[in-house]
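**Q** Submitted below is the structure of interest, expressed as structure tokens.
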Amino acid sequence: MVFSTTAKERFSKYRQQIISYYHIFMGLTSYWYCKEKDKYQRNTGSRLFHIMLNVVSLFVMCFKLQNFIEEFRKAQALHPLITLLFEMNNRLRSLLVAHTVLHVIRYDRLITCMRMELQELKSHCLREITLRPDIEARFKYLFWAKLLFLYYIYIISLVMTLTTANNVSSIWQIMMNIAFVNINGLWYFVLFQYFEIIWKICCLFYYIEQHVCHIAQEAVATAVPLEGLARKLYWSLRMHSKLCVCWLQLQNGFKWQIFLSRLVNVTSNSTNIFYAFVSSASIYQSLLMLTMGSLSYLVITLDLYINDYMCDMTVNSFEGLHLALKEFNGVQHTWTALHLQCEEFSLYLCNRKVNLKLAGALNMDRKAWLSLISTLATYSIVLIQVHLANL
């Protein structure tokens, strides 16, 4: 029994160490979480490893993509338009990967500091507010769905790359293929970081909403003015303001990453549809390619939809706060301090606009992206019809 307990403790310790250093070996961050000190930390070695790993993987990707384009030109006697489309799609994917590497290096410290700040804010909130299991579990299923989609895409990409590669028995070739898959799938993990931070912010928003509702109920039920209620409402306003600052920092840091990720996702799917119809040897091969491509595209689209849903739920929490503040209308008007605090909170919510936009001009909601998808699908069908008419 002692040996079994010791083995479990060692296994748990090794598992925690693997989880702590896993994101460093993925090239996602240079920080690891130290459980003894209860904080994220890094050193010069981890920073250099983080930068070198991403730079080397970027060169590997460029080398493999260039070889793929050359083999594609030699093996396929295609229309120049099809070749141009594939080359443009590969250039867009290279742009996405390069931007992701720059994003990871540039915002590594900001994202880690934001995680630590949100952890401190949650601890501070739980000292004032009772832990609510319903809020904690509200979006848990979205987290596991997001995690499932993430590793499904990663494992499928790894298997497809290793099965189609030449000289897989060589260790060097295996390492190059793994580096190629890691750097191509890095943007999936970056968007998972985005989802994690939104999830934490959204949960804290709902905690504050429930806290304001509790203050309103307490104020209505109390016949005499309580100075502590105005203080609690001011604390809720201050915490909400800090969370909005984190949300806006996240929005400004990830807007171009989200735009490029969705653009490349849509263009890649359109190119795959075009290729499946005009370059397949048989109908069976076309249907097989369309099925596999559609399944991967569906998973990635659902993955992006979860991010949109979390953004919507975060914005909806503002509406819930507006409704919670209306409950203070039943409070006696002689409570000047409490009413002044309610007015300040209402003005703050009216002036705080939380919308995910790109440079304040291009709206990145689901309606805009569905329009973009339908437009690209229409042009793909037009190109297919033109190609078939020329046969």
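Each chain in the structure tokens gets a letter, A, B, ..., in the order shown, and its residues are numbered from 1; ligands are numbered from 1 in order too.
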Mind checking which residues fall within 12 Å of Ser261 of chain A, counting only C-alpha atoms, ignoring those fewer than 2 positions away in the same chain, and posting them as number ranges by chain?

**A** A: 92-100, 184-191, 254-259, 263-268, 300-301, 303-304, 364, 369

**Q** I'd like the contact shell of Cys342 of chain A - 9 Å cut-off, only C-alpha atoms, skipping same-chain residues fewer than 5 positions apart - returned as a VMD selection string.

**A** chain A and resid 230 233 to 234 325 328 337 347

**Q** Which residues are near segment 205-209 of chain A? Cut-off 9 Å, only C-alpha atoms, ignore same chain within fewer than 5 positions. Put them as a PyMOL selection string.

**A** chain A and resi 125+129-132+135+200+214+236-237+239-240+243+314+317-318+320-321+324

**Q** I need the residue nearest Leu28 of chain A from this list: A:Trp144, A:Phe192, A:Tyr151, A:Phe59. Use only C-alpha atoms for the distance.

**A**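 When distances to Leu28 of chain A are compared using only C-alpha atoms, the smallest one comes from A:Phe192.
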
**Q** Leaving out Arg231 of chain A and any residue of its chain fewer than 4 positions from it, which residues lie within 12 Å of it when counting only C-alpha atoms, given as an NGL selection string?

**A** :A and (128 or 212 or 215 or 226-227 or 235-238 or 337-342)

**Q** Between atom CA of Val55 of chain A and atom CA of His23 of chain A, what is the distance, to one decimal in Å?

**A**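 So the two atoms, atom CA of Val55 of chain A and atom CA of His23 of chain A, lie 15.9 Å apart.
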
**Q** Report as a list in words all protein, DNA and RNA residues lying within 10 Å of Asp108 of chain A, evaluated on only C-alpha atoms, omitting residues in the same chain fewer than 2 positions from it.

**A**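 The contact residues come out as Leu28, Thr29, Ser30, Tyr31, Arg47, Leu102, His103, Val104, Ile105, Arg106, Leu110, Ile111, Thr112 and Cys113 of chain A.
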
**Q** How would the residues just picked look written out with N, CA and C atoms as a PDB file, in the first residue's frame?

**A**
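File written: part_21.pdb
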ATOM      1  N   LEU A  28       4.479  27.364 -27.640  1.00  0.00           N
ATOM      2  CA  LEU A  28       3.355  28.253 -27.366  1.00  0.00           C
ATOM      3  C   LEU A  28       3.707  29.347 -26.366  1.00  0.00           C
ATOM      4  N   THR A  29       4.622  29.067 -25.455  1.00  0.00           N
ATOM      5  CA  THR A  29       4.986  30.030 -24.426  1.00  0.00           C
ATOM      6  C   THR A  29       6.373  29.703 -23.902  1.00  0.00           C
ATOM      7  N   SER A  30       6.951  30.650 -23.194  1.00  0.00           N
ATOM      8  CA  SER A  30       8.240  30.416 -22.529  1.00  0.00           C
ATOM      9  C   SER A  30       8.073  30.302 -21.022  1.00  0.00           C
ATOM     10  N   TYR A  31       6.837  30.335 -20.535  1.00  0.00           N
ATOM     11  CA  TYR A  31       6.545  30.254 -19.099  1.00  0.00           C
ATOM     12  C   TYR A  31       6.107  28.841 -18.721  1.00  0.00           C
ATOM     13  N   ARG A  47      13.266  31.208 -22.668  1.00  0.00           N
ATOM     14  CA  ARG A  47      12.977  32.252 -23.667  1.00  0.00           C
ATOM     15  C   ARG A  47      13.711  31.982 -24.972  1.00  0.00           C
ATOM     16  N   LEU A 102       4.947  35.410 -34.633  1.00  0.00           N
ATOM     17  CA  LEU A 102       5.176  36.762 -34.117  1.00  0.00           C
ATOM     18  C   LEU A 102       4.224  37.085 -32.967  1.00  0.00           C
ATOM     19  N   HIS A 103       2.974  36.647 -33.099  1.00  0.00           N
ATOM     20  CA  HIS A 103       1.991  36.885 -32.044  1.00  0.00           C
ATOM     21  C   HIS A 103       2.409  36.190 -30.747  1.00  0.00           C
ATOM     22  N   VAL A 104       2.849  34.934 -30.849  1.00  0.00           N
ATOM     23  CA  VAL A 104       3.235  34.174 -29.664  1.00  0.00           C
ATOM     24  C   VAL A 104       4.432  34.820 -28.973  1.00  0.00           C
ATOM     25  N   ILE A 105       5.415  35.253 -29.752  1.00  0.00           N
ATOM     26  CA  ILE A 105       6.607  35.878 -29.163  1.00  0.00           C
ATOM     27  C   ILE A 105       6.264  37.239 -28.568  1.00  0.00           C
ATOM     28  N   ARG A 106       5.440  38.013 -29.259  1.00  0.00           N
ATOM     29  CA  ARG A 106       5.136  39.375 -28.816  1.00  0.00           C
ATOM     30  C   ARG A 106       4.239  39.404 -27.581  1.00  0.00           C
ATOM     31  N   LEU A 110       2.329  39.262 -21.982  1.00  0.00           N
ATOM     32  CA  LEU A 110       1.024  39.864 -21.716  1.00  0.00           C
ATOM     33  C   LEU A 110      -0.013  38.801 -21.359  1.00  0.00           C
ATOM     34  N   ILE A 111      -0.047  37.696 -22.110  1.00  0.00           N
ATOM     35  CA  ILE A 111      -1.030  36.642 -21.851  1.00  0.00           C
ATOM     36  C   ILE A 111      -0.781  35.996 -20.497  1.00  0.00           C
ATOM     37  N   THR A 112       0.489  35.764 -20.162  1.00  0.00           N
ATOM     38  CA  THR A 112       0.794  35.159 -18.867  1.00  0.00           C
ATOM     39  C   THR A 112       0.430  36.091 -17.720  1.00  0.00           C
ATOM     40  N   CYS A 113       0.748  37.381 -17.869  1.00  0.00           N
ATOM     41  CA  CYS A 113       0.371  38.359 -16.834  1.00  0.00           C
ATOM     42  C   CYS A 113      -1.144  38.452 -16.698  1.00  0.00           C
TER      43      CYS A 113
END

**Q** Record the distance separating atom CA of Arg115 of chain A and atom CA of Ser157 of chain A, expressed in Å with one decimal.

**A**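 Computing the Euclidean distance for atom CA of Arg115 of chain A and atom CA of Ser157 of chain A yields 29.0 Å.
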
**Q** Which is closest to Tyr141 of chain A among A:Val220, A:Leu58, A:Ile306, A:Trp172, if we use only C-alpha atoms?

**A**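 Ranked by minimum distance to Tyr141 of chain A, first place goes to A:Ile306.
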
**Q** Give me, please, the distance in Å between atom CA of Phe139 of chain A and atom CA of Tyr194 of chain A, quoted to one decimal.

**A**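 Computed distance, atom CA of Phe139 of chain A to atom CA of Tyr194 of chain A, equals 14.7 Å.
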
**Q** Using only C-alpha atoms for the distances, tell me which of A:Gln210, A:Asn252, A:Asn329, A:Asn90 is nearest to Asn67 of chain A.

**A**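 Closest residue, counting only C-alpha atoms: A:Asn90.
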
**Q** Mind checking which residues fall within 8 Å of Ser20 of chain A, counting only C-alpha atoms, ignoring those fewer than 5 positions away in the same chain, and posting them as a list in words?

**A** Trp32, Tyr33 and Cys34 of chain A
